[in-house]
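Novice: What follows is a single structure, and I will ask about it in a moment.
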Amino acid sequence: MKRKVQNAGDVGNDVYNGLATFGRFVAILGTILGILIGIVLIIFGIINVARPGARMNVIKAKVTSATCVNTTNSGTTCTLGVEYVVNNAKLNGTIQTTQGIYNVGQIIEILYDPANPANISQKQISRLSLGILLIVVGSFIILLCSLYYYLVLRFKILAAAVGTSTIISTVSNGVSQIIKETD
């Protein structure tokens with residue numbers, strides 16, 4: 001009975017095919033994870049855009065009182081009484097801030113809700129801007145993951161490179177962990 005002997009080219013092709021298959025599998029998992037992360041970011045973005053108070057307007061306000069407390073954890077926290085004018089109506093409100101120390105009479109910028117001008121907050125990134133940013137980043141992640149998936153499926157050499165790098169990274173991390181445990 002004769003045994004079939006594989007030549008070196010067949011072994012190389014088998015290894016190459018195996019790495020490409022593994023690389024495609026890794027790409028599928030990575031793409032699924034990336035798309036899920038992108039979808040979560042888009043959902044949080046839509047929630048921020050649709051949330052009441054997302055469309056706050058910036059207005060100048062005069063500080064009427066300032067009580068600042070120096071805390072060790074978050075620096076200085078100030079509670080400010082402010083006076084501002086919306087639609088020719090003078091309004092008063094209170095905000096809390098950790099962005100420096102303020103003096104009575106100082107002019108600052110605050111945010112107010114046009115639907116409820118008494119609803120004010122410290123000027124910061126608006127929910128609308130944050131929501132739009134999350135939607136854009138989530139969409140970009142989905143686009144990049146889809147492109148990555150397409151390229152790995154389209155080019156066998158890239159799939160093999162992904163498979164090889166995943167195996168090398170996994171083995172390297174495992175060896176590093178073993179070395180750390182023996183020290």
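Here, A, B, ... name the chains of the structure tokens in the order displayed, residue numbers run from 1 inside each chain, and ligands are numbered from 1 in the same displayed order.
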Contacts between region 12-28 of chain A and region 78-167 of chain A, please, where a residue of region 78-167 of chain A counts if it comes within 8 Å (with only C-alpha atoms); show its shortest atom pair and distance in Å to one decimal, rows by chain and ascending number, as a tab-separated table.
Specialist:
residue	atom	partner	partner_atom	distance
A:Tyr148	CA	A:Ala27	CA	7.5
A:Tyr149	CA	A:Ala27	CA	5.9
A:Val152	CA	A:Arg24	CA	6.3
A:Leu153	CA	A:Arg24	CA	6.4
A:Lys156	CA	A:Ala20	CA	5.9
A:Ile157	CA	A:Ala20	CA	7.0
A:Leu158	CA	A:Ala20	CA	7.7
A:Ala159	CA	A:Gly23	CA	4.5
A:Ala160	CA	A:Ala20	CA	3.8
A:Ala161	CA	A:Gly23	CA	7.1
A:Val162	CA	A:Gly23	CA	4.8
A:Gly163	CA	A:Gly23	CA	3.7
A:Thr164	CA	A:Leu19	CA	6.2
A:Thr166	CA	A:Gly23	CA	7.8
Novice: Can you tell me which residues surround Ile132 (chain A) at a distance of at most 12 Å, considering only C-alpha atoms, apart from same-chain residues fewer than 2 positions away, and format the answer as a list of chain:residue names?
Specialist: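 In the requested form, the answer reads A:Leu41, A:Ile42, A:Ile43, A:Phe44, A:Gly45, A:Ile46, A:Ile47, A:Asn48, A:Val49, A:Ala50, A:Ala54, A:Arg55, A:Ile125, A:Ser126, A:Arg127, A:Leu128, A:Ser129, A:Leu130, A:Leu134, A:Ile135, A:Val136, A:Val137, A:Gly138, A:Ser139.
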Novice: Save out the residues we just selected, C-alpha atoms, as a PDB file, in the first residue's frame.
Specialist:
ATOM      1  CA  LEU A  41     -24.073  54.974  18.779  1.00  0.00           C
ATOM      2  CA  ILE A  42     -26.746  55.894  16.222  1.00  0.00           C
ATOM      3  CA  ILE A  43     -29.533  54.972  18.680  1.00  0.00           C
ATOM      4  CA  PHE A  44     -27.965  57.118  21.429  1.00  0.00           C
ATOM      5  CA  GLY A  45     -27.536  59.904  18.876  1.00  0.00           C
ATOM      6  CA  ILE A  46     -31.196  59.768  17.882  1.00  0.00           C
ATOM      7  CA  ILE A  47     -32.218  59.745  21.559  1.00  0.00           C
ATOM      8  CA  ASN A  48     -30.115  62.869  22.189  1.00  0.00           C
ATOM      9  CA  VAL A  49     -31.505  64.659  19.137  1.00  0.00           C
ATOM     10  CA  ALA A  50     -35.124  63.754  19.924  1.00  0.00           C
ATOM     11  CA  ALA A  54     -31.990  69.205  22.796  1.00  0.00           C
ATOM     12  CA  ARG A  55     -32.452  72.482  20.957  1.00  0.00           C
ATOM     13  CA  ILE A 125     -21.896  70.844  24.159  1.00  0.00           C
ATOM     14  CA  SER A 126     -25.574  70.736  23.311  1.00  0.00           C
ATOM     15  CA  ARG A 127     -27.519  67.505  23.166  1.00  0.00           C
ATOM     16  CA  LEU A 128     -28.282  68.250  19.542  1.00  0.00           C
ATOM     17  CA  SER A 129     -24.575  68.545  18.686  1.00  0.00           C
ATOM     18  CA  LEU A 130     -23.754  65.442  20.715  1.00  0.00           C
ATOM     19  CA  LEU A 134     -22.896  60.162  17.686  1.00  0.00           C
ATOM     20  CA  ILE A 135     -24.961  59.539  14.535  1.00  0.00           C
ATOM     21  CA  VAL A 136     -22.052  60.562  12.275  1.00  0.00           C
ATOM     22  CA  VAL A 137     -19.496  58.464  14.199  1.00  0.00           C
ATOM     23  CA  GLY A 138     -21.842  55.450  14.293  1.00  0.00           C
ATOM     24  CA  SER A 139     -22.484  55.709  10.556  1.00  0.00           C
TER      25      SER A 139
END
Novice: From the DSSP assignment of the backbone, select every residue of chain A that is helix (DSSP H, G or I), and format the answer as a VMD selection string.
Specialist: chain A and resid 8 to 50 127 to 154 156 to 182
Novice: Counting only C-alpha atoms, what is within 9 Å of region 56-68 of chain A, bar same-chain residues fewer than 6 positions away, as JSON, numbers by chain?
Specialist: {"A": [76, 77, 78, 79, 80, 81, 82, 83, 84, 85, 86, 92, 101, 102, 103, 104, 105, 106, 107, 108, 109, 110, 111, 112, 113, 114, 120, 123, 126, 127, 128]}
Novice: Apply DSSP to the structure's backbone, then extract all residues of region 29-93 of chain A labelled strand (DSSP E) and return them as a PyMOL selection string.
Specialist: chain A and resi 57-71+75-86+89-93
Novice: Hey, can you check how far CA of Gly174 (chain A) sits from CA of Gly34 (chain A)?
Specialist: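 We find that CA of Gly174 (chain A) and CA of Gly34 (chain A) lie 24.4 Å from each other.
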Novice: Please, what distance in Å, to one decimal, runs between CA of Leu33 (chain A) and CA of Arg154 (chain A)?
Specialist: 20.0 Å
Novice: To one decimal place, how far is CA of Ser165 (chain A) from CA of Leu151 (chain A) in Å?
Specialist: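 Separation of CA of Ser165 (chain A) and CA of Leu151 (chain A): 15.9 Å.
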Novice: Which one is closest to Leu144 (chain A): A:Asn88, A:Thr170, A:Gln99, A:Thr31? Count only C-alpha atoms.
Specialist: A:Thr31
